>>> print(open('structure_29.pdb').read())   # PDB, C-alpha atoms and all ligand atoms
ATOM      1  CA  MET A   1     -13.930  12.192  18.961
ATOM      2  CA  GLY A   2     -11.437  10.326  16.833
ATOM      3  CA  LEU A   3      -8.534  11.835  14.904
ATOM      4  CA  LEU A   4      -9.814  10.210  11.710
ATOM      5  CA  ASP A   5     -13.561  10.857  12.097
ATOM      6  CA  GLY A   6     -15.164  11.347   8.688
ATOM      7  CA  LYS A   7     -12.170   9.984   6.805
ATOM      8  CA  THR A   8     -12.122   6.944   4.527
ATOM      9  CA  ALA A   9      -8.928   4.871   4.553
ATOM     10  CA  LEU A  10      -7.863   2.059   2.229
ATOM     11  CA  ILE A  11      -5.235  -0.382   3.452
ATOM     12  CA  PHE A  12      -3.229  -2.606   1.109
ATOM     13  CA  GLY A  13      -1.102  -5.465   2.451
ATOM     14  CA  LEU A  14      -3.106  -7.157   5.182
ATOM     15  CA  ALA A  15      -2.148 -10.834   5.373
ATOM     16  CA  ASN A  16      -2.800 -11.865   8.986
ATOM     17  CA  GLU A  17      -3.063 -10.563  12.560
ATOM     18  CA  ARG A  18       0.720 -10.075  12.718
ATOM     19  CA  SER A  19       0.835  -7.813   9.652
ATOM     20  CA  ILE A  20       1.928  -4.229  10.214
ATOM     21  CA  ALA A  21      -1.179  -3.414   8.170
ATOM     22  CA  TRP A  22      -3.270  -4.924  10.971
ATOM     23  CA  GLY A  23      -1.710  -2.591  13.568
ATOM     24  CA  ILE A  24      -2.525   0.301  11.246
ATOM     25  CA  THR A  25      -6.056  -0.949  10.549
ATOM     26  CA  GLN A  26      -6.876  -1.246  14.261
ATOM     27  CA  ALA A  27      -5.470   2.210  15.049
ATOM     28  CA  PHE A  28      -7.462   3.747  12.168
ATOM     29  CA  HIS A  29     -10.624   2.008  13.401
ATOM     30  CA  ARG A  30     -10.047   3.286  16.946
ATOM     31  CA  GLU A  31      -9.764   6.841  15.587
ATOM     32  CA  GLY A  32     -13.056   6.627  13.718
ATOM     33  CA  ALA A  33     -11.987   6.023  10.111
ATOM     34  CA  LYS A  34     -14.221   4.237   7.629
ATOM     35  CA  LEU A  35     -12.158   1.354   6.259
ATOM     36  CA  GLY A  36     -11.505  -0.579   3.083
ATOM     37  CA  ILE A  37      -9.099  -3.507   3.034
ATOM     38  CA  SER A  38      -7.245  -5.106   0.147
ATOM     39  CA  TYR A  39      -5.311  -8.355   0.190
ATOM     40  CA  ALA A  40      -3.459 -10.538  -2.307
ATOM     41  CA  GLY A  41      -4.274 -14.108  -3.094
ATOM     42  CA  GLU A  42      -7.092 -16.497  -2.356
ATOM     43  CA  ILE A  43      -5.054 -18.089   0.473
ATOM     44  CA  PHE A  44      -5.275 -14.911   2.552
ATOM     45  CA  LYS A  45      -8.997 -14.330   2.038
ATOM     46  CA  ARG A  46      -9.832 -16.790   4.821
ATOM     47  CA  ARG A  47      -7.479 -14.922   7.181
ATOM     48  CA  VAL A  48      -8.481 -11.398   6.233
ATOM     49  CA  LEU A  49     -12.293 -11.622   6.283
ATOM     50  CA  PRO A  50     -12.566 -12.362  10.038
ATOM     51  CA  LEU A  51     -10.112  -9.508  10.764
ATOM     52  CA  ALA A  52     -12.140  -7.090   8.643
ATOM     53  CA  GLU A  53     -15.240  -8.068  10.606
ATOM     54  CA  LYS A  54     -13.515  -7.075  13.861
ATOM     55  CA  VAL A  55     -13.150  -3.490  12.635
ATOM     56  CA  ASN A  56     -16.644  -3.257  11.109
ATOM     57  CA  CYS A  57     -15.188  -3.304   7.623
ATOM     58  CA  ASN A  58     -17.306  -4.900   4.920
ATOM     59  CA  TRP A  59     -15.273  -3.564   2.018
ATOM     60  CA  VAL A  60     -12.665  -6.260   1.349
ATOM     61  CA  GLU A  61     -11.205  -6.587  -2.150
ATOM     62  CA  GLU A  62      -8.544  -8.776  -3.666
ATOM     63  CA  CYS A  63      -5.746  -6.959  -5.491
ATOM     64  CA  ASP A  64      -2.521  -8.491  -6.739
ATOM     65  CA  VAL A  65      -0.441  -5.371  -7.420
ATOM     66  CA  THR A  66       1.467  -7.046 -10.264
ATOM     67  CA  SER A  67      -1.774  -6.777 -12.283
ATOM     68  CA  ASP A  68      -2.744  -3.423 -13.823
ATOM     69  CA  GLU A  69      -6.241  -4.820 -14.368
ATOM     70  CA  GLN A  70      -6.706  -5.652 -10.682
ATOM     71  CA  ILE A  71      -5.415  -2.223  -9.602
ATOM     72  CA  THR A  72      -7.787  -0.496 -12.036
ATOM     73  CA  ALA A  73     -10.676  -2.682 -10.889
ATOM     74  CA  VAL A  74     -10.133  -2.000  -7.185
ATOM     75  CA  ALA A  75      -9.876   1.770  -7.792
ATOM     76  CA  LYS A  76     -13.077   1.664  -9.846
ATOM     77  CA  LYS A  77     -14.879  -0.236  -7.104
ATOM     78  CA  ALA A  78     -13.652   2.220  -4.457
ATOM     79  CA  GLY A  79     -14.846   5.130  -6.619
ATOM     80  CA  LYS A  80     -18.335   3.607  -6.691
ATOM     81  CA  ASP A  81     -18.566   2.646  -3.024
ATOM     82  CA  PHE A  82     -16.938   5.625  -1.256
ATOM     83  CA  LYS A  83     -17.290   9.411  -1.384
ATOM     84  CA  GLY A  84     -13.617   9.871  -2.203
ATOM     85  CA  ILE A  85     -10.574   8.450  -0.429
ATOM     86  CA  ASP A  86      -8.708  10.344   2.311
ATOM     87  CA  VAL A  87      -6.003   7.843   3.250
ATOM     88  CA  LEU A  88      -4.168   5.120   1.310
ATOM     89  CA  VAL A  89      -1.680   2.794   3.003
ATOM     90  CA  HIS A  90       0.780   0.670   1.008
ATOM     91  CA  SER A  91       2.137  -2.102   3.248
ATOM     92  CA  ILE A  92       3.425  -4.461   0.572
ATOM     93  CA  ALA A  93       6.830  -5.932  -0.196
ATOM     94  CA  PHE A  94       8.136  -9.057  -1.840
ATOM     95  CA  ALA A  95      11.428 -10.499  -3.017
ATOM     96  CA  GLY A  96      12.094 -14.121  -3.896
ATOM     97  CA  ARG A  97      13.433 -15.991  -0.890
ATOM     98  CA  GLU A  98      16.632 -16.887  -2.785
ATOM     99  CA  GLU A  99      17.404 -13.156  -3.163
ATOM    100  CA  LEU A 100      17.431 -12.626   0.623
ATOM    101  CA  ASP A 101      20.398 -14.851   1.250
ATOM    102  CA  GLY A 102      24.005 -14.858   0.092
ATOM    103  CA  PRO A 103      25.756 -11.951  -1.587
ATOM    104  CA  TYR A 104      23.755  -9.118  -3.190
ATOM    105  CA  TYR A 105      25.725  -9.548  -6.432
ATOM    106  CA  ASN A 106      23.941 -12.857  -6.955
ATOM    107  CA  THR A 107      20.604 -11.076  -7.420
ATOM    108  CA  SER A 108      19.021 -12.398 -10.602
ATOM    109  CA  ARG A 109      17.595 -10.092 -13.280
ATOM    110  CA  GLU A 110      14.130 -11.573 -12.776
ATOM    111  CA  GLY A 111      14.438 -11.374  -8.976
ATOM    112  CA  PHE A 112      15.465  -7.730  -9.195
ATOM    113  CA  LYS A 113      12.537  -6.897 -11.488
ATOM    114  CA  GLN A 114      10.036  -8.730  -9.308
ATOM    115  CA  ALA A 115      11.195  -7.064  -6.070
ATOM    116  CA  MET A 116      11.047  -3.617  -7.702
ATOM    117  CA  ASP A 117       7.673  -4.311  -9.326
ATOM    118  CA  ILE A 118       5.884  -5.522  -6.187
ATOM    119  CA  SER A 119       7.689  -3.406  -3.588
ATOM    120  CA  VAL A 120       8.183  -0.110  -5.441
ATOM    121  CA  TYR A 121       6.260   0.281  -8.692
ATOM    122  CA  SER A 122       3.012  -0.814  -7.034
ATOM    123  CA  PHE A 123       3.019   2.320  -4.863
ATOM    124  CA  VAL A 124       3.320   4.504  -7.957
ATOM    125  CA  ALA A 125       0.633   2.497  -9.773
ATOM    126  CA  LEU A 126      -1.778   2.749  -6.820
ATOM    127  CA  ALA A 127      -1.154   6.489  -6.473
ATOM    128  CA  ARG A 128      -1.994   6.981 -10.165
ATOM    129  CA  ALA A 129      -5.037   4.710 -10.169
ATOM    130  CA  PHE A 130      -6.544   6.403  -7.112
ATOM    131  CA  GLN A 131      -5.648   9.989  -8.052
ATOM    132  CA  PRO A 132      -9.094  10.760  -9.532
ATOM    133  CA  ILE A 133     -10.885   9.740  -6.343
ATOM    134  CA  LEU A 134      -8.498  11.188  -3.734
ATOM    135  CA  ASN A 135      -9.991  14.040  -1.706
ATOM    136  CA  PRO A 136      -7.994  17.255  -1.200
ATOM    137  CA  GLY A 137      -5.967  16.872   1.990
ATOM    138  CA  ALA A 138      -5.574  13.135   1.380
ATOM    139  CA  SER A 139      -2.573  11.263   2.778
ATOM    140  CA  LEU A 140      -0.714   8.397   1.091
ATOM    141  CA  MET A 141       1.873   6.342   2.940
ATOM    142  CA  CYS A 142       4.128   3.335   2.507
ATOM    143  CA  LEU A 143       6.261   1.167   4.775
ATOM    144  CA  THR A 144      10.027   1.100   4.514
ATOM    145  CA  TYR A 145      13.079  -0.164   6.399
ATOM    146  CA  TYR A 146      16.506   1.270   7.328
ATOM    147  CA  GLY A 147      18.179  -1.309   5.027
ATOM    148  CA  SER A 148      17.498   1.298   2.313
ATOM    149  CA  VAL A 149      20.100   3.662   3.766
ATOM    150  CA  LYS A 150      22.676   1.372   5.371
ATOM    151  CA  VAL A 151      23.561  -2.263   4.755
ATOM    152  CA  ALA A 152      21.408  -4.794   6.592
ATOM    153  CA  PRO A 153      23.036  -8.179   5.864
ATOM    154  CA  HIS A 154      20.830 -10.391   3.617
ATOM    155  CA  TYR A 155      18.250  -7.650   3.039
ATOM    156  CA  ASN A 156      19.949  -7.303  -0.355
ATOM    157  CA  VAL A 157      17.625  -6.395  -3.226
ATOM    158  CA  MET A 158      14.956  -5.337  -0.716
ATOM    159  CA  GLY A 159      17.325  -2.620   0.552
ATOM    160  CA  VAL A 160      17.735  -1.354  -2.990
ATOM    161  CA  ALA A 161      13.954  -1.540  -3.488
ATOM    162  CA  LYS A 162      13.304   0.415  -0.267
ATOM    163  CA  ALA A 163      15.766   3.114  -1.385
ATOM    164  CA  ALA A 164      13.728   3.401  -4.598
ATOM    165  CA  LEU A 165      10.484   3.411  -2.596
ATOM    166  CA  GLU A 166      11.695   6.281  -0.401
ATOM    167  CA  SER A 167      12.807   8.194  -3.483
ATOM    168  CA  SER A 168       9.425   7.488  -5.122
ATOM    169  CA  THR A 169       7.788   8.927  -2.006
ATOM    170  CA  ARG A 170       9.609  12.231  -2.591
ATOM    171  CA  TYR A 171       8.735  12.369  -6.307
ATOM    172  CA  LEU A 172       5.095  11.508  -5.607
ATOM    173  CA  ALA A 173       5.005  14.167  -2.860
ATOM    174  CA  TYR A 174       6.159  16.708  -5.458
ATOM    175  CA  ASP A 175       3.569  15.578  -8.023
ATOM    176  CA  PHE A 176       0.651  15.535  -5.595
ATOM    177  CA  GLY A 177       1.603  18.657  -3.622
ATOM    178  CA  PRO A 178      -0.477  21.094  -5.708
ATOM    179  CA  GLN A 179      -3.567  18.906  -5.057
ATOM    180  CA  LYS A 180      -2.836  19.228  -1.306
ATOM    181  CA  ILE A 181      -2.258  15.491  -1.176
ATOM    182  CA  ARG A 182       0.631  14.313   1.012
ATOM    183  CA  VAL A 183       2.898  11.302   0.506
ATOM    184  CA  ASN A 184       5.138   9.928   3.258
ATOM    185  CA  ALA A 185       7.001   6.786   4.273
ATOM    186  CA  ILE A 186       7.160   5.116   7.682
ATOM    187  CA  SER A 187      10.463   3.397   8.442
ATOM    188  CA  ALA A 188       9.783   0.727  11.050
ATOM    189  CA  GLY A 189      12.262  -1.246  13.134
ATOM    190  CA  PRO A 190      12.200  -5.055  12.798
ATOM    191  CA  ILE A 191       8.835  -6.635  13.686
ATOM    192  CA  ARG A 192       8.041 -10.365  13.735
ATOM    193  CA  THR A 193       5.576 -10.633  10.869
ATOM    194  CA  LEU A 194       5.055 -13.189   8.127
ATOM    195  CA  ALA A 195       7.540 -11.242   5.966
ATOM    196  CA  ALA A 196      10.159 -11.640   8.701
ATOM    197  CA  ALA A 197       9.465 -15.304   9.410
ATOM    198  CA  GLY A 198      12.214 -17.706   8.506
ATOM    199  CA  ILE A 199      14.696 -14.946   7.642
ATOM    200  CA  GLY A 200      18.123 -16.279   8.656
ATOM    201  CA  GLY A 201      19.467 -14.276  11.594
ATOM    202  CA  PHE A 202      16.258 -12.306  12.129
ATOM    203  CA  ARG A 203      15.986 -13.380  15.757
ATOM    204  CA  ASP A 204      19.509 -12.213  16.572
ATOM    205  CA  MET A 205      18.918  -8.946  14.728
ATOM    206  CA  TYR A 206      15.664  -8.425  16.603
ATOM    207  CA  LYS A 207      17.377  -9.030  19.940
ATOM    208  CA  HIS A 208      20.366  -6.838  19.044
ATOM    209  CA  PHE A 209      17.960  -4.030  18.138
ATOM    210  CA  ALA A 210      16.477  -4.047  21.645
ATOM    211  CA  GLU A 211      19.969  -3.970  23.128
ATOM    212  CA  ILE A 212      21.473  -1.106  21.188
ATOM    213  CA  SER A 213      18.579   1.216  20.211
ATOM    214  CA  PRO A 214      18.443   4.334  22.424
ATOM    215  CA  MET A 215      15.098   3.282  23.919
ATOM    216  CA  ARG A 216      16.210  -0.378  24.330
ATOM    217  CA  GLU A 217      12.861  -1.632  23.045
ATOM    218  CA  ASN A 218      11.551  -3.403  19.997
ATOM    219  CA  VAL A 219       8.893  -1.819  17.834
ATOM    220  CA  THR A 220       5.330  -3.133  17.611
ATOM    221  CA  SER A 221       2.696  -2.892  14.896
ATOM    222  CA  ASP A 222       0.665  -0.802  17.342
ATOM    223  CA  ASP A 223       3.502   1.759  17.490
ATOM    224  CA  VAL A 224       3.468   1.902  13.690
ATOM    225  CA  GLY A 225      -0.349   2.150  13.710
ATOM    226  CA  ASN A 226      -0.250   5.203  15.958
ATOM    227  CA  ALA A 227       2.355   6.925  13.772
ATOM    228  CA  ALA A 228       0.204   6.105  10.736
ATOM    229  CA  VAL A 229      -2.755   7.806  12.460
ATOM    230  CA  PHE A 230      -0.619  10.940  12.794
ATOM    231  CA  LEU A 231       0.371  10.886   9.109
ATOM    232  CA  ALA A 232      -3.225  10.169   8.078
ATOM    233  CA  SER A 233      -4.695  12.916  10.259
ATOM    234  CA  ASP A 234      -4.835  16.667   9.862
ATOM    235  CA  LEU A 235      -2.217  16.929  12.635
ATOM    236  CA  SER A 236       0.431  16.317   9.955
ATOM    237  CA  THR A 237      -0.765  18.832   7.341
ATOM    238  CA  ARG A 238       2.365  20.333   5.644
ATOM    239  CA  ILE A 239       4.406  17.173   6.235
ATOM    240  CA  THR A 240       5.103  15.510   2.890
ATOM    241  CA  GLY A 241       7.881  13.539   1.210
ATOM    242  CA  GLU A 242       9.264  12.536   4.600
ATOM    243  CA  VAL A 243      10.563   9.262   5.990
ATOM    244  CA  LEU A 244       9.307   8.993   9.570
ATOM    245  CA  TYR A 245      11.360   6.596  11.721
ATOM    246  CA  ILE A 246       9.468   4.449  14.220
ATOM    247  CA  ASP A 247      12.498   2.600  15.517
ATOM    248  CA  SER A 248      13.218   3.429  19.185
ATOM    249  CA  GLY A 249      15.915   5.770  17.796
ATOM    250  CA  PHE A 250      17.991   2.987  16.200
ATOM    251  CA  ASN A 251      18.784   5.023  13.066
ATOM    252  CA  ILE A 252      20.548   7.840  14.931
ATOM    253  CA  MET A 253      23.330   5.560  16.153
ATOM    254  CA  GLY A 254      26.728   5.788  14.474
ATOM    255  CA  VAL A 255      28.719   3.610  16.822
ATOM    256  CA  GLN A 256      26.870   0.701  18.344
ATOM    257  CA  MET A 257      27.729  -0.488  21.790
ATOM    258  CA  VAL A 258      25.961  -2.874  24.119
ATOM    259  CA  SER A 259      25.483  -0.801  27.228
ATOM    260  CA  SER A 260      25.907  -2.084  30.775
ATOM    261  CA  GLU A 261      23.036   0.160  31.866
ATOM    262  CA  SER A 262      19.565  -1.087  30.948
TER     263      SER A 262
HETATM  264  P1  LIG B 301       3.299  -9.074   5.864
HETATM  265  O1  LIG B 301       3.760 -10.333   5.229
HETATM  266  O2  LIG B 301       2.231  -9.180   6.877
HETATM  267  O3  LIG B 301       2.850  -8.037   4.752
HETATM  268  C1  LIG B 301       3.376  -8.026   3.448
HETATM  269  C2  LIG B 301       2.184  -7.950   2.523
HETATM  270  O4  LIG B 301       2.597  -7.830   1.162
HETATM  271  C3  LIG B 301       1.289  -9.185   2.607
HETATM  272  O5  LIG B 301      -0.015  -8.807   2.972
HETATM  273  C4  LIG B 301       1.309  -9.730   1.199
HETATM  274  O6  LIG B 301       0.075 -10.309   0.807
HETATM  275  C5  LIG B 301       1.579  -8.458   0.407
HETATM  276  N1  LIG B 301       1.989  -8.736  -0.958
HETATM  277  C6  LIG B 301       3.058  -9.458  -1.397
HETATM  278  N2  LIG B 301       3.016  -9.565  -2.742
HETATM  279  C7  LIG B 301       1.895  -8.897  -3.157
HETATM  280  C8  LIG B 301       1.289  -8.653  -4.419
HETATM  281  N3  LIG B 301       1.820  -9.121  -5.562
HETATM  282  N4  LIG B 301       0.148  -7.934  -4.459
HETATM  283  C9  LIG B 301      -0.411  -7.442  -3.336
HETATM  284  N5  LIG B 301       0.109  -7.638  -2.108
HETATM  285  C10 LIG B 301       1.248  -8.363  -2.026
HETATM  286  O7  LIG B 301       4.622  -8.399   6.481
HETATM  287  P2  LIG B 301       4.870  -6.947   7.094
HETATM  288  O8  LIG B 301       6.131  -7.061   7.845
HETATM  289  O9  LIG B 301       3.648  -6.462   7.755
HETATM  290  O10 LIG B 301       5.174  -6.057   5.795
HETATM  291  C11 LIG B 301       4.451  -4.898   5.455
HETATM  292  C12 LIG B 301       5.389  -3.795   4.985
HETATM  293  O11 LIG B 301       6.201  -3.368   6.070
HETATM  294  C13 LIG B 301       6.339  -4.186   3.871
HETATM  295  O12 LIG B 301       6.488  -3.115   2.977
HETATM  296  C14 LIG B 301       7.649  -4.400   4.625
HETATM  297  O13 LIG B 301       8.765  -4.244   3.788
HETATM  298  C15 LIG B 301       7.544  -3.310   5.637
HETATM  299  N6  LIG B 301       8.429  -3.400   6.811
HETATM  300  C16 LIG B 301       8.460  -4.540   7.570
HETATM  301  C17 LIG B 301       9.283  -4.602   8.691
HETATM  302  C18 LIG B 301       9.367  -5.839   9.539
HETATM  303  O14 LIG B 301      10.364  -6.015  10.255
HETATM  304  N7  LIG B 301       8.375  -6.739   9.527
HETATM  305  C19 LIG B 301      10.071  -3.488   9.042
HETATM  306  C20 LIG B 301      10.000  -2.328   8.241
HETATM  307  C21 LIG B 301       9.173  -2.308   7.135
HETATM  308  O1  LIG B 302      10.820  -5.584   4.536
HETATM  309  C1  LIG B 302      10.954  -6.565   5.226
HETATM  310  C2  LIG B 302      10.505  -7.921   4.723
HETATM  311  C3  LIG B 302      10.664  -8.028   3.229
HETATM  312  C4  LIG B 302      10.487  -9.393   2.617
HETATM  313  C5  LIG B 302      10.549 -10.584   3.323
HETATM  314  C6  LIG B 302      10.383 -11.795   2.668
HETATM  315  C7  LIG B 302      10.503 -13.108   3.364
HETATM  316  C8  LIG B 302       9.773 -14.212   2.650
HETATM  317  C9  LIG B 302      10.299  -9.444   1.272
HETATM  318  N1  LIG B 302      10.147 -10.605   0.609
HETATM  319  C10 LIG B 302      10.181 -11.777   1.277
HETATM  320  N2  LIG B 302      10.038 -12.926   0.573
HETATM  321  C11 LIG B 302       9.920 -14.145   1.175
HETATM  322  O2  LIG B 302       9.859 -15.184   0.490
HETATM  323  N3  LIG B 302      11.542  -6.428   6.453
HETATM  324  C12 LIG B 302      12.058  -5.140   6.853
HETATM  325  C13 LIG B 302      11.757  -7.555   7.394
HETATM  326  C14 LIG B 302      13.127  -8.080   7.131
HETATM  327  O3  LIG B 302      13.364  -8.936   6.124
HETATM  328  C15 LIG B 302      14.721  -9.202   6.104
HETATM  329  C16 LIG B 302      15.348  -8.498   7.133
HETATM  330  C17 LIG B 302      14.332  -7.763   7.802
HETATM  331  C18 LIG B 302      14.510  -6.833   8.943
HETATM  332  C19 LIG B 302      15.448  -9.996   5.235
HETATM  333  C20 LIG B 302      16.829 -10.114   5.426
HETATM  334  C21 LIG B 302      17.450  -9.423   6.446
HETATM  335  C22 LIG B 302      16.736  -8.611   7.321
END
>>> encode(input="structure_29.pdb", output="structure tokens")
Amino acid sequence: MGLLDGKTALIFGLANERSIAWGITQAFHREGAKLGISYAGEIFKRRVLPLAEKVNCNWVEECDVTSDEQITAVAKKAGKDFKGIDVLVHSIAFAGREELDGPYYNTSREGFKQAMDISVYSFVALARAFQPILNPGASLMCLTYYGSVKVAPHYNVMGVAKAALESSTRYLAYDFGPQKIRVNAISAGPIRTLAAAGIGGFRDMYKHFAEISPMRENVTSDDVGNAAVFLASDLSTRITGEVLYIDSGFNIMGVQMVSSES
């Protein structure tokens, strides 16, 4: 008996075995969901296909979310191959590397547009494209980060994009409410994924997190996967428009102090 027995889930944003999307995919598989996986770019195909095999998933489709055509095509394909969709996970973000360094005021117009397009608009576009094939009781979710609410040095335009993503989550929750479709965001603490690799100061931030968060522990993709199961399942009926923190309690802290107790 799995919490997601009989449900079909589509996951966008799987790049490799370190992706948060992989933690979510494995947790969904464990709970009995039927899976579809989408990735971006030919380079990742080689990485993603063997992962999909591990979770008995033979529905793997490329979708670059900057392309309306590709979004439409993937929704059309899903409509043909599945009896409606119950869960959609958006685990996608991108900003140009040069935007994640130096002062926020140096954000370029193009860099701003690109970060908002890939990291925010794509969630709205996916929600619209899939609306006709979403089953009543369906659950949509996206991944966000605390840099949306408070300043995380160098997160810059991504913080602004995550604020817009969280706001989009609330507006989508309002739109989809009458259809009994829920929309939520998961705010995860820092995790060492491809999107965190090579970020200046990430290692120190990661270590600091484990020192000052109430639970004194870093977050894993498995933790996020389990929370995603909850949001995807019927255990969370009536929860919509929320930002669920999976962060060892980090976000509740006002004053940060390195404790002598462990
Ligand atoms: P990741 O690099 O594994 O995943 C990011 C994904 O975005 C990749 O699969 C990439 O292919 C995809 N992507 C980028 N541009 C795309 C495009 N044009 N079309 C389609 N897909 C595109 O890294 P991750 O850390 O697993 O990130 C997943 C999500 O989690 C992101 O939204 C990220 O902001 C969020 N998040 C990450 C952390 C962290 O510390 N790693 C913390 C909180 C939230
Ligand atoms: O959301 C994220 C990652 C977002 C991200 C990361 C990259 C790095 C590589 C978006 N675009 C790119 N583009 C690249 O070229 N996180 C929450 C992880 C993260 O990223 C940071 C962080 C944290 C935490 C960037 C600066 C400061 C802190």
>>> residues_near_ligand(input="structure_29.pdb", ligand="ligand LIG 302 (chain B)", cutoff="9 Å", atoms="only C-alpha atoms and all ligand atoms", output="PyMOL selection string")
chain A and resi 92-101+115+119+143-147+152-156+158-159+162+187-202+205-206
>>> write_last_selection(input="structure_29.pdb", atoms="C-alpha atoms", output="PDB file, in the coordinates of the input")
ATOM      1  CA  ILE A  92       3.425  -4.461   0.572  1.00  0.00           C
ATOM      2  CA  ALA A  93       6.830  -5.932  -0.196  1.00  0.00           C
ATOM      3  CA  PHE A  94       8.136  -9.057  -1.840  1.00  0.00           C
ATOM      4  CA  ALA A  95      11.428 -10.499  -3.017  1.00  0.00           C
ATOM      5  CA  GLY A  96      12.094 -14.121  -3.896  1.00  0.00           C
ATOM      6  CA  ARG A  97      13.433 -15.991  -0.890  1.00  0.00           C
ATOM      7  CA  GLU A  98      16.632 -16.887  -2.785  1.00  0.00           C
ATOM      8  CA  GLU A  99      17.404 -13.156  -3.163  1.00  0.00           C
ATOM      9  CA  LEU A 100      17.431 -12.626   0.623  1.00  0.00           C
ATOM     10  CA  ASP A 101      20.398 -14.851   1.250  1.00  0.00           C
ATOM     11  CA  ALA A 115      11.195  -7.064  -6.070  1.00  0.00           C
ATOM     12  CA  SER A 119       7.689  -3.406  -3.588  1.00  0.00           C
ATOM     13  CA  LEU A 143       6.261   1.167   4.775  1.00  0.00           C
ATOM     14  CA  THR A 144      10.027   1.100   4.514  1.00  0.00           C
ATOM     15  CA  TYR A 145      13.079  -0.164   6.399  1.00  0.00           C
ATOM     16  CA  TYR A 146      16.506   1.270   7.328  1.00  0.00           C
ATOM     17  CA  GLY A 147      18.179  -1.309   5.027  1.00  0.00           C
ATOM     18  CA  ALA A 152      21.408  -4.794   6.592  1.00  0.00           C
ATOM     19  CA  PRO A 153      23.036  -8.179   5.864  1.00  0.00           C
ATOM     20  CA  HIS A 154      20.830 -10.391   3.617  1.00  0.00           C
ATOM     21  CA  TYR A 155      18.250  -7.650   3.039  1.00  0.00           C
ATOM     22  CA  ASN A 156      19.949  -7.303  -0.355  1.00  0.00           C
ATOM     23  CA  MET A 158      14.956  -5.337  -0.716  1.00  0.00           C
ATOM     24  CA  GLY A 159      17.325  -2.620   0.552  1.00  0.00           C
ATOM     25  CA  LYS A 162      13.304   0.415  -0.267  1.00  0.00           C
ATOM     26  CA  SER A 187      10.463   3.397   8.442  1.00  0.00           C
ATOM     27  CA  ALA A 188       9.783   0.727  11.050  1.00  0.00           C
ATOM     28  CA  GLY A 189      12.262  -1.246  13.134  1.00  0.00           C
ATOM     29  CA  PRO A 190      12.200  -5.055  12.798  1.00  0.00           C
ATOM     30  CA  ILE A 191       8.835  -6.635  13.686  1.00  0.00           C
ATOM     31  CA  ARG A 192       8.041 -10.365  13.735  1.00  0.00           C
ATOM     32  CA  THR A 193       5.576 -10.633  10.869  1.00  0.00           C
ATOM     33  CA  LEU A 194       5.055 -13.189   8.127  1.00  0.00           C
ATOM     34  CA  ALA A 195       7.540 -11.242   5.966  1.00  0.00           C
ATOM     35  CA  ALA A 196      10.159 -11.640   8.701  1.00  0.00           C
ATOM     36  CA  ALA A 197       9.465 -15.304   9.410  1.00  0.00           C
ATOM     37  CA  GLY A 198      12.214 -17.706   8.506  1.00  0.00           C
ATOM     38  CA  ILE A 199      14.696 -14.946   7.642  1.00  0.00           C
ATOM     39  CA  GLY A 200      18.123 -16.279   8.656  1.00  0.00           C
ATOM     40  CA  GLY A 201      19.467 -14.276  11.594  1.00  0.00           C
ATOM     41  CA  PHE A 202      16.258 -12.306  12.129  1.00  0.00           C
ATOM     42  CA  MET A 205      18.918  -8.946  14.728  1.00  0.00           C
ATOM     43  CA  TYR A 206      15.664  -8.425  16.603  1.00  0.00           C
TER      44      TYR A 206
END
>>> closest_residue(input="structure_29.pdb", among="A:Leu172, A:Val48, A:Leu35, A:Val258", to="ligand LIG 301 (chain B)", atoms="all atoms listed in the file")
A:Val48
>>> axis_aligned_box(input="structure_29.pdb", around="ligand LIG 301 (chain B)", padding_each_side="6 Å", output="AutoDock Vina command-line options")
--center_x 5.0 --center_y -6.3 --center_z 2.3 --size_x 22.8 --size_y 20.0 --size_z 27.8
>>> atom_distance(input="structure_29.pdb", atom1="CA of Cys63 (chain A)", atom2="CA of Ala40 (chain A)")
5.3 Å
>>> residues_around(input="structure_29.pdb", residues="region 181-185 of chain A", least_positions_apart="5", cutoff="7 Å", atoms="all atoms listed in the file", output="number ranges by chain")
A: 136-144, 166, 169, 172-173, 176, 240-244
>>> resolve_selection(input="structure_29.pdb", expression="the PyMOL selection byres (((chain A and resi 5) around 10) and not hetatm)", output="number ranges by chain")
A: 1-4, 6-8, 28-34, 233
>>> atom_distance(input="structure_29.pdb", atom1="CA of Tyr39 (chain A)", atom2="CA of Val65 (chain A)")
9.5 Å
>>> atom_distance(input="structure_29.pdb", atom1="CA of Pro214 (chain A)", atom2="CA of Tyr245 (chain A)")
13.0 Å
>>> resolve_selection(input="structure_29.pdb", expression="the PyMOL selection byres (((chain A and resi 75-80) around 9) and not hetatm)", output="list in words")
Leu10, Gly36, Trp59, Glu61, Gln70, Ile71, Thr72, Ala73, Val74, Asp81, Phe82, Lys83, Gly84, Ile85, Leu126, Ala129, Phe130, Pro132 and Ile133 of chain A
>>> resolve_selection(input="structure_29.pdb", expression="the PyMOL selection byres (((chain A and resi 250) around 9) and not hetatm)", output="MDAnalysis selection string")
chainID A and resid 189 209 212:216 245:249 251:253
>>> residues_around(input="structure_29.pdb", residues="Lys45 (chain A)", least_positions_apart="2", cutoff="12 Å", atoms="only C-alpha atoms", output="ChimeraX atom specification")
/A:13-16,37-43,47-52,60-63
>>> residues_around(input="structure_29.pdb", residues="region 222-226 of chain A", least_positions_apart="3", cutoff="8 Å", atoms="all atoms listed in the file", output="PyMOL selection string")
chain A and resi 20-21+23-28+186+188+219+229-230+246
>>> closest_residue(input="structure_29.pdb", among="A:Tyr174, A:Glu110, A:Met116, A:Asn135", to="ligand LIG 301 (chain B)", atoms="all atoms listed in the file")
A:Met116
>>> decode(input="structure_29.pdb", residues="region 176-181 of chain A", atoms="C-alpha atoms", output="compact mmCIF listing (two decimals), in the first residue's frame")
# COMPACT_ATOMS: atom_id res chain seq x y z
CA PHE A 176 -7.21 26.04 -9.83
CA GLY A 177 -9.07 25.85 -6.51
CA PRO A 178 -12.55 25.43 -8.03
CA GLN A 179 -11.24 22.42 -10.02
CA LYS A 180 -10.05 20.92 -6.70
CA ILE A 181 -6.49 21.15 -7.95
